[in-house]
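> This is the structure, below, for whatever I ask next.
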Amino acid sequence: MSDALEVRGLQVAHGEKRVLRGIDLQVAPGEVCVLMGLSGAGKSTVLRSIGALQPFSAGTITVGDFRLSPGPLPRESRLRGLRSRVGMVFQAHSLFEHLTALENVTLAPVHALRWTRERAEEVALALLDGLGVAARAGAYPRELSGGEAQRVAIARALAPNPTMLLMDEPTSALDPARRGALGETLCGLARQGRGLLISTHDVDFARAHADRVVVLSEGVLVEEGPAADVLDRPSHAATRELLRGPGEAAPGSGIKG
Amino acid sequence: MSLPPRIVSIGTRFRRLAPLLAALLLASCSAAPSRHAPHPPLRWGGDAEGGAPFVEADPADPSRVRGFDVEIAGMIARGLGREPQFAQVAWASIEASVERGDFEVGMSGVEDRPELRARHAVSLPYFEFREVLAVRPGDRPRFRRLSDLAGRRVATLGGTTAYQMLLDEQARSGLVPVSYDDDVHPYADLVAGRVDAVLLDNIIADRSLRRTGGFVIQPEAAATGHYVAVFARSRTALRDSADAVLRARMRDGSLEKTFRAWGVWDDGQARYFRRVLAQATQRTASTKSVAGSVAAYVPALLRAAGVTLVLSCLAMALAVAAGLTVAAGRVYGPPLVRAALTVYVEVMRGTPVLLQLFVIYYGLSGLVRLPAFAAAVLGLGLNYAAYESEIYRAALEAIPRSQLEAGRTLGLSEGQILRLIRGPQALRLALAPMTNDFVALLKDSSLVSVITVVELTKQTAIFATNIGSWTLPGILCSLVYLAFSLPLSRFARGLERRWSSA
């Protein structure tokens, strides 16, 4: 089986500003790949490009046998192959506020995939159960804790059974105990054969759960390898800066935030 | 009786300023003590918007007024050894103002009627007019009298004896009364075919025939009526003195001379004067009690309340539908569509809805001759659509973009995202301001009386003019509006509560 995800020479420009300057990236089925970098390094842009939420100017993105090309975003009707393969969990979970947890999960299967409501609810309850939030199926997003909301958002992204799951800063709103639990959950998803691409600047999370770490700095991929190698023996200045943690950025590093 | 074209043209608006100016100038002149007049001037109120031959601003000197009512007021004042002093007042407010003491005498084609006599002191009727029927020339043989007009639309001024006659005829033969705020548009709409006849004083009918033409006046009078001067109820002594002056001027021919000068003297008038002078006094007893008047008006008020409710609901339905379309166009449409819709919203919000109603009803009558009710729904609906669209646009844009992107990554189409995610949440945000707007629309619906739709406020005003008091009609009218708006607010609050706790 080919790579679950393959990114080649990805470039993104916002006007004069080159946000991504040629990124190469692969994620294999069953692999947890962690995309690291300081804020503004381009992590979210990589995820948004793969999710076809923003156009890119050069390179290719391939998921299974679906290929995204540079230029304006294709019509949604031509993105079906991507949508069924790539699930996405946003930083601020972005649950639909007017729907219950269960309805959030069943919305896409019922309306985009045309499943029957019974089948959609059966799959949704199984997913919520697997993520430990089945008891909250009837709750509205505002009634959920941050951890619960995130699990519902993961269930929602998994409902169409994608081969790739993209997550943007999943640990940012969680306390340390919950980060560990989330890591276990994500590793469980990878063991089912899914490829996971997770952006974070949480070094502990990456050390504990990543199979592979990719470090991004100013739109360039500067370091890549097994988590232990990259995080214990960093070879690039950007990685070392990342490891020093927040509030200790070297003066004059030129990287925002 | 004479009410002006309210807002017919800019010219009319300027004309409206003249009498005010006149009143100011006269007031400032009279402030200086006069050696020749030991008595204070006699303040009398009239409406110069009514125009000739009653009261009009003098074209040669717009700071002064002229007309037969002006001359008669002068005769009364001088007969009492005083100087006349004019005060401008809206015609419909003459009776209320004279009772408040704003001036001592009210005259401007004020019609003699039982309700007036029940509430105020009323002078000797000094002029007899005929209620005459105006019809299009082709209809002359078939519409001779009111009873020929069963099922037909007949126009007149609201709050007049003629309007009351039409209401009585409606009960008898099913004629459809159409009430106007001025005495120009009834004739314009007769010629345009919007109404089939106009019932008004012969003086006004003759004046319109000279000015615009295009119709004929049936010779047979539907009724006769009289113009009187009105005084505060307690001023019977002043009234009696004024009556003596009027009778003397009838006898010495001064009144005849004045009426001849203004072209309103005829044989009927001569016969009327002879009849008056033959009698010692002429008093018409009040036959209708106030309680009776109220009871008689309740069905009309309820009907008008129905008009207000149906009109508001239809206009709101149109506003919501058009508002949604405009909002969707402004959020999703291409730049050209967005720009065009922005212009629409700014024009509709930036100009008075009253003007829009006039344009739709009168301005477009050359292209489409809309019935008044349809024009009212269209005018209010299109105006409120601009406000609704802004509410929906703001509500649509308040839904976080990440939710829309989540919808896209889940494979939902743009239409599904709008229908399943963005729309339902935006609707909840829009609910409170929409309720607000509907309550505002209920009240703004009173504006459509300018295009002859008799809704609740207009019917109340007619009622109030007729019984000469605003107290009871005002309370009844307010209760009906509250009965509409309060449940609506409660319903909206309940819905909001349910959504926020669900």
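Residue numbering restarts at 1 in every chain; chains get A, B, ... in the order shown in the structure tokens, and ligands count up from 1 in that same order.
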Counting only C-alpha atoms, collect the residues of chain B whose closest atom lies at most 10 Å from chain A, and write them out as a list in words.
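Matching residues, ligands excluded from the count: Ile399, Pro400, Arg401, Ser402, Gln403, Leu404, Glu405, Ala406, Gly407, Arg408, Thr409, Leu410, Gly411, Leu412, Ser413, Glu414, Gln416, Leu420, Ile421, Arg422, Pro424, Gln425, Arg428, Trp499, Ser500, Ser501 and Ala502 of chain B.
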> Write out as a ChimeraX atom specification all residues of region 119-256 of chain B that backbone DSSP assigns to strand (DSSP E or B).
/B:121-122,127-135,153-157,176-180,197-201,216-217,223-231
> I need the residues from that last selection saved to file as an mmCIF file, in the first residue's frame (with C-alpha atoms), if you can.

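File produced: part.cif:
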```cif
data_model
loop_
_atom_site.group_PDB
_atom_site.id
_atom_site.type_symbol
_atom_site.label_atom_id
_atom_site.label_comp_id
_atom_site.auth_asym_id
_atom_site.auth_seq_id
_atom_site.Cartn_x
_atom_site.Cartn_y
_atom_site.Cartn_z
ATOM 1 C CA ALA B 121 -69.835 75.579 21.483
ATOM 2 C CA VAL B 122 -70.771 75.986 17.824
ATOM 3 C CA PHE B 127 -72.521 78.569 4.830
ATOM 4 C CA GLU B 128 -74.503 75.715 3.343
ATOM 5 C CA PHE B 129 -72.608 73.308 1.134
ATOM 6 C CA ARG B 130 -73.742 70.285 -0.810
ATOM 7 C CA GLU B 131 -72.111 66.878 -0.707
ATOM 8 C CA VAL B 132 -71.729 66.089 -4.392
ATOM 9 C CA LEU B 133 -70.705 63.016 -6.313
ATOM 10 C CA ALA B 134 -67.901 63.298 -8.887
ATOM 11 C CA VAL B 135 -67.612 60.527 -11.495
ATOM 12 C CA ARG B 153 -64.856 52.210 -4.531
ATOM 13 C CA VAL B 154 -65.835 55.725 -3.504
ATOM 14 C CA ALA B 155 -63.232 58.163 -2.201
ATOM 15 C CA THR B 156 -63.436 61.031 0.250
ATOM 16 C CA LEU B 157 -61.525 62.791 3.017
ATOM 17 C CA VAL B 176 -66.466 50.498 -0.569
ATOM 18 C CA PRO B 177 -65.364 53.727 1.155
ATOM 19 C CA VAL B 178 -61.777 54.824 0.480
ATOM 20 C CA SER B 179 -60.390 57.422 2.871
ATOM 21 C CA TYR B 180 -57.751 59.996 1.869
ATOM 22 C CA ALA B 197 -66.530 58.165 -7.549
ATOM 23 C CA VAL B 198 -65.615 60.889 -5.069
ATOM 24 C CA LEU B 199 -68.038 62.293 -2.520
ATOM 25 C CA LEU B 200 -67.021 65.719 -1.205
ATOM 26 C CA ASP B 201 -68.217 69.280 -0.650
ATOM 27 C CA VAL B 216 -67.991 65.465 -14.002
ATOM 28 C CA ILE B 217 -70.030 66.492 -10.980
ATOM 29 C CA ALA B 223 -76.754 65.750 1.298
ATOM 30 C CA THR B 224 -76.301 69.278 2.531
ATOM 31 C CA GLY B 225 -74.028 70.382 5.311
ATOM 32 C CA HIS B 226 -72.929 73.582 6.967
ATOM 33 C CA TYR B 227 -69.705 75.302 7.889
ATOM 34 C CA VAL B 228 -69.533 76.699 11.397
ATOM 35 C CA ALA B 229 -67.099 78.446 13.703
ATOM 36 C CA VAL B 230 -66.195 76.370 16.741
ATOM 37 C CA PHE B 231 -65.539 77.661 20.274
#
```
> Would you mind listing what lies within 7 Å of region 237-247 of chain B as a ChimeraX atom specification, with only C-alpha atoms counted and same-chain residues fewer than 2 positions away left out?
/B:76,79,121-124,231,235,249-251
> Would you save the residues from that selection as an mmCIF file, in the first residue's frame, using C-alpha atoms?

```cif
data_model
loop_
_atom_site.group_PDB
_atom_site.id
_atom_site.type_symbol
_atom_site.label_atom_id
_atom_site.label_comp_id
_atom_site.auth_asym_id
_atom_site.auth_seq_id
_atom_site.Cartn_x
_atom_site.Cartn_y
_atom_site.Cartn_z
ATOM 1 C CA ILE B 76 -66.579 88.558 13.781
ATOM 2 C CA GLY B 79 -68.008 93.104 15.273
ATOM 3 C CA ALA B 121 -69.835 75.579 21.483
ATOM 4 C CA VAL B 122 -70.771 75.986 17.824
ATOM 5 C CA SER B 123 -71.732 79.137 15.935
ATOM 6 C CA LEU B 124 -74.625 79.799 13.645
ATOM 7 C CA PHE B 231 -65.539 77.661 20.274
ATOM 8 C CA ARG B 235 -67.342 80.071 25.708
ATOM 9 C CA ARG B 249 -73.651 90.381 8.295
ATOM 10 C CA MET B 250 -76.125 88.026 6.643
ATOM 11 C CA ARG B 251 -78.755 90.752 6.861
#
```
> For Pro352 (chain B), list every protein, DNA or RNA residue within 12 Å, evaluated using only C-alpha atoms, and leave out those in the same chain fewer than 2 positions away; present the list as a PDB file with C-alpha atoms, in the first residue's frame.

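Generated file (out_12.pdb):
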```pdb
ATOM      1  CA  GLU B 346     -28.502  51.885   1.627  1.00  0.00           C
ATOM      2  CA  VAL B 347     -31.213  53.530  -0.501  1.00  0.00           C
ATOM      3  CA  MET B 348     -34.061  51.763   1.297  1.00  0.00           C
ATOM      4  CA  ARG B 349     -32.611  52.500   4.740  1.00  0.00           C
ATOM      5  CA  GLY B 350     -31.535  56.011   3.876  1.00  0.00           C
ATOM      6  CA  LEU B 354     -43.305  57.441   3.574  1.00  0.00           C
ATOM      7  CA  LEU B 355     -41.567  58.625   0.409  1.00  0.00           C
ATOM      8  CA  GLN B 356     -41.187  55.034  -0.800  1.00  0.00           C
ATOM      9  CA  LEU B 357     -44.913  54.433  -0.294  1.00  0.00           C
ATOM     10  CA  PHE B 358     -45.741  57.552  -2.313  1.00  0.00           C
ATOM     11  CA  VAL B 359     -43.405  56.534  -5.107  1.00  0.00           C
ATOM     12  CA  GLY B 379     -43.638  49.379   0.219  1.00  0.00           C
ATOM     13  CA  LEU B 380     -43.357  48.260   3.824  1.00  0.00           C
ATOM     14  CA  ASN B 383     -38.293  48.790   3.094  1.00  0.00           C
ATOM     15  CA  TYR B 384     -38.060  46.334   5.968  1.00  0.00           C
ATOM     16  CA  ASP B 444     -45.010  51.742  10.948  1.00  0.00           C
ATOM     17  CA  LEU B 447     -48.009  55.153   7.611  1.00  0.00           C
TER      18      LEU B 447
END
```
> Rank nothing, just name the residue among B:Leu209, B:Leu427, B:Leu441, B:Val294 nearest to Thr471 (chain B), using only C-alpha atoms.
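The closest residue to Thr471 (chain B) is B:Val294.
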> Set the distance at 10 Å and use only C-alpha atoms: which residues neighbour Val453 (chain B) once local chain neighbours fewer than 5 positions away are removed? I'd like the list as a PDB file with C-alpha atoms, in the first residue's frame.

```
ATOM      1  CA  VAL B 178     -61.777  54.824   0.480  1.00  0.00           C
ATOM      2  CA  SER B 179     -60.390  57.422   2.871  1.00  0.00           C
ATOM      3  CA  TYR B 180     -57.751  59.996   1.869  1.00  0.00           C
ATOM      4  CA  ALA B 304     -59.009  48.200  10.970  1.00  0.00           C
ATOM      5  CA  VAL B 307     -56.103  45.243   8.347  1.00  0.00           C
ATOM      6  CA  THR B 308     -53.100  46.285  10.460  1.00  0.00           C
ATOM      7  CA  LEU B 311     -50.831  43.984   6.390  1.00  0.00           C
ATOM      8  CA  PRO B 371     -54.164  48.417  -5.534  1.00  0.00           C
ATOM      9  CA  ALA B 372     -53.517  50.407  -2.350  1.00  0.00           C
ATOM     10  CA  PHE B 373     -53.215  47.351  -0.129  1.00  0.00           C
ATOM     11  CA  ALA B 374     -50.725  45.656  -2.444  1.00  0.00           C
ATOM     12  CA  ALA B 375     -48.706  48.868  -2.670  1.00  0.00           C
ATOM     13  CA  ALA B 376     -48.693  49.072   1.126  1.00  0.00           C
ATOM     14  CA  SER B 445     -47.952  50.142   9.181  1.00  0.00           C
ATOM     15  CA  SER B 446     -49.908  53.223  10.316  1.00  0.00           C
ATOM     16  CA  LEU B 447     -48.009  55.153   7.611  1.00  0.00           C
ATOM     17  CA  VAL B 448     -49.908  53.427   4.828  1.00  0.00           C
ATOM     18  CA  LYS B 458     -56.188  55.961  10.754  1.00  0.00           C
ATOM     19  CA  GLN B 459     -59.504  54.500  11.905  1.00  0.00           C
TER      20      GLN B 459
END
```
> Nearest to Thr200 (chain A): which of A:Ser217, A:Ser39, A:Ser69, A:Thr60 is it, counting only C-alpha atoms?
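Checking each candidate against Thr200 (chain A), we get A:Ser39 as the closest.
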> Just want the 8 Å neighbourhood of Thr161 (chain B), counted on only C-alpha atoms, with same-chain residues fewer than 4 positions away dropped. Output as a ChimeraX atom specification.
/B:111,113,165
> Could you name the residues that touch region 28-36 of chain A at 7 Å or less, counting only C-alpha atoms, but leaving out those on the same chain fewer than 5 positions away, as a PDB file with C-alpha atoms, in the first residue's frame?

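Writing the result to part-v3.pdb gives the following:
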```pdb
ATOM      1  CA  ASP A   3       1.771   6.201   1.670  1.00  0.00           C
ATOM      2  CA  ALA A   4      -1.450   7.370   3.302  1.00  0.00           C
ATOM      3  CA  LEU A   5      -0.250  10.935   2.611  1.00  0.00           C
ATOM      4  CA  LYS A  43       2.240  24.232  10.654  1.00  0.00           C
ATOM      5  CA  ALA A 190      -2.990   4.703  14.476  1.00  0.00           C
ATOM      6  CA  ARG A 191      -2.933   1.027  15.448  1.00  0.00           C
ATOM      7  CA  GLN A 192      -6.192   0.657  13.477  1.00  0.00           C
ATOM      8  CA  GLY A 193      -4.142   1.557  10.378  1.00  0.00           C
ATOM      9  CA  ARG A 194      -4.788   5.299  10.092  1.00  0.00           C
ATOM     10  CA  GLY A 195      -2.094   7.846   9.390  1.00  0.00           C
ATOM     11  CA  LEU A 196      -2.065  10.734  11.859  1.00  0.00           C
ATOM     12  CA  LEU A 197      -0.532  14.145  11.192  1.00  0.00           C
ATOM     13  CA  ILE A 198      -0.567  16.263  14.338  1.00  0.00           C
ATOM     14  CA  SER A 199       0.704  19.804  14.616  1.00  0.00           C
ATOM     15  CA  THR A 200       1.888  20.910  18.042  1.00  0.00           C
ATOM     16  CA  HIS A 201       4.620  22.749  19.897  1.00  0.00           C
ATOM     17  CA  ALA A 206       5.680  14.620  20.851  1.00  0.00           C
ATOM     18  CA  ALA A 210       5.149  10.492  18.067  1.00  0.00           C
ATOM     19  CA  ASP A 211       6.608   7.826  15.784  1.00  0.00           C
ATOM     20  CA  ARG A 212       8.273  10.550  13.763  1.00  0.00           C
ATOM     21  CA  VAL A 213       8.858  14.268  14.274  1.00  0.00           C
ATOM     22  CA  VAL A 214       9.067  16.896  11.528  1.00  0.00           C
ATOM     23  CA  VAL A 215      10.320  20.382  12.455  1.00  0.00           C
ATOM     24  CA  LEU A 216       9.199  23.406  10.475  1.00  0.00           C
TER      25      LEU A 216
END
```
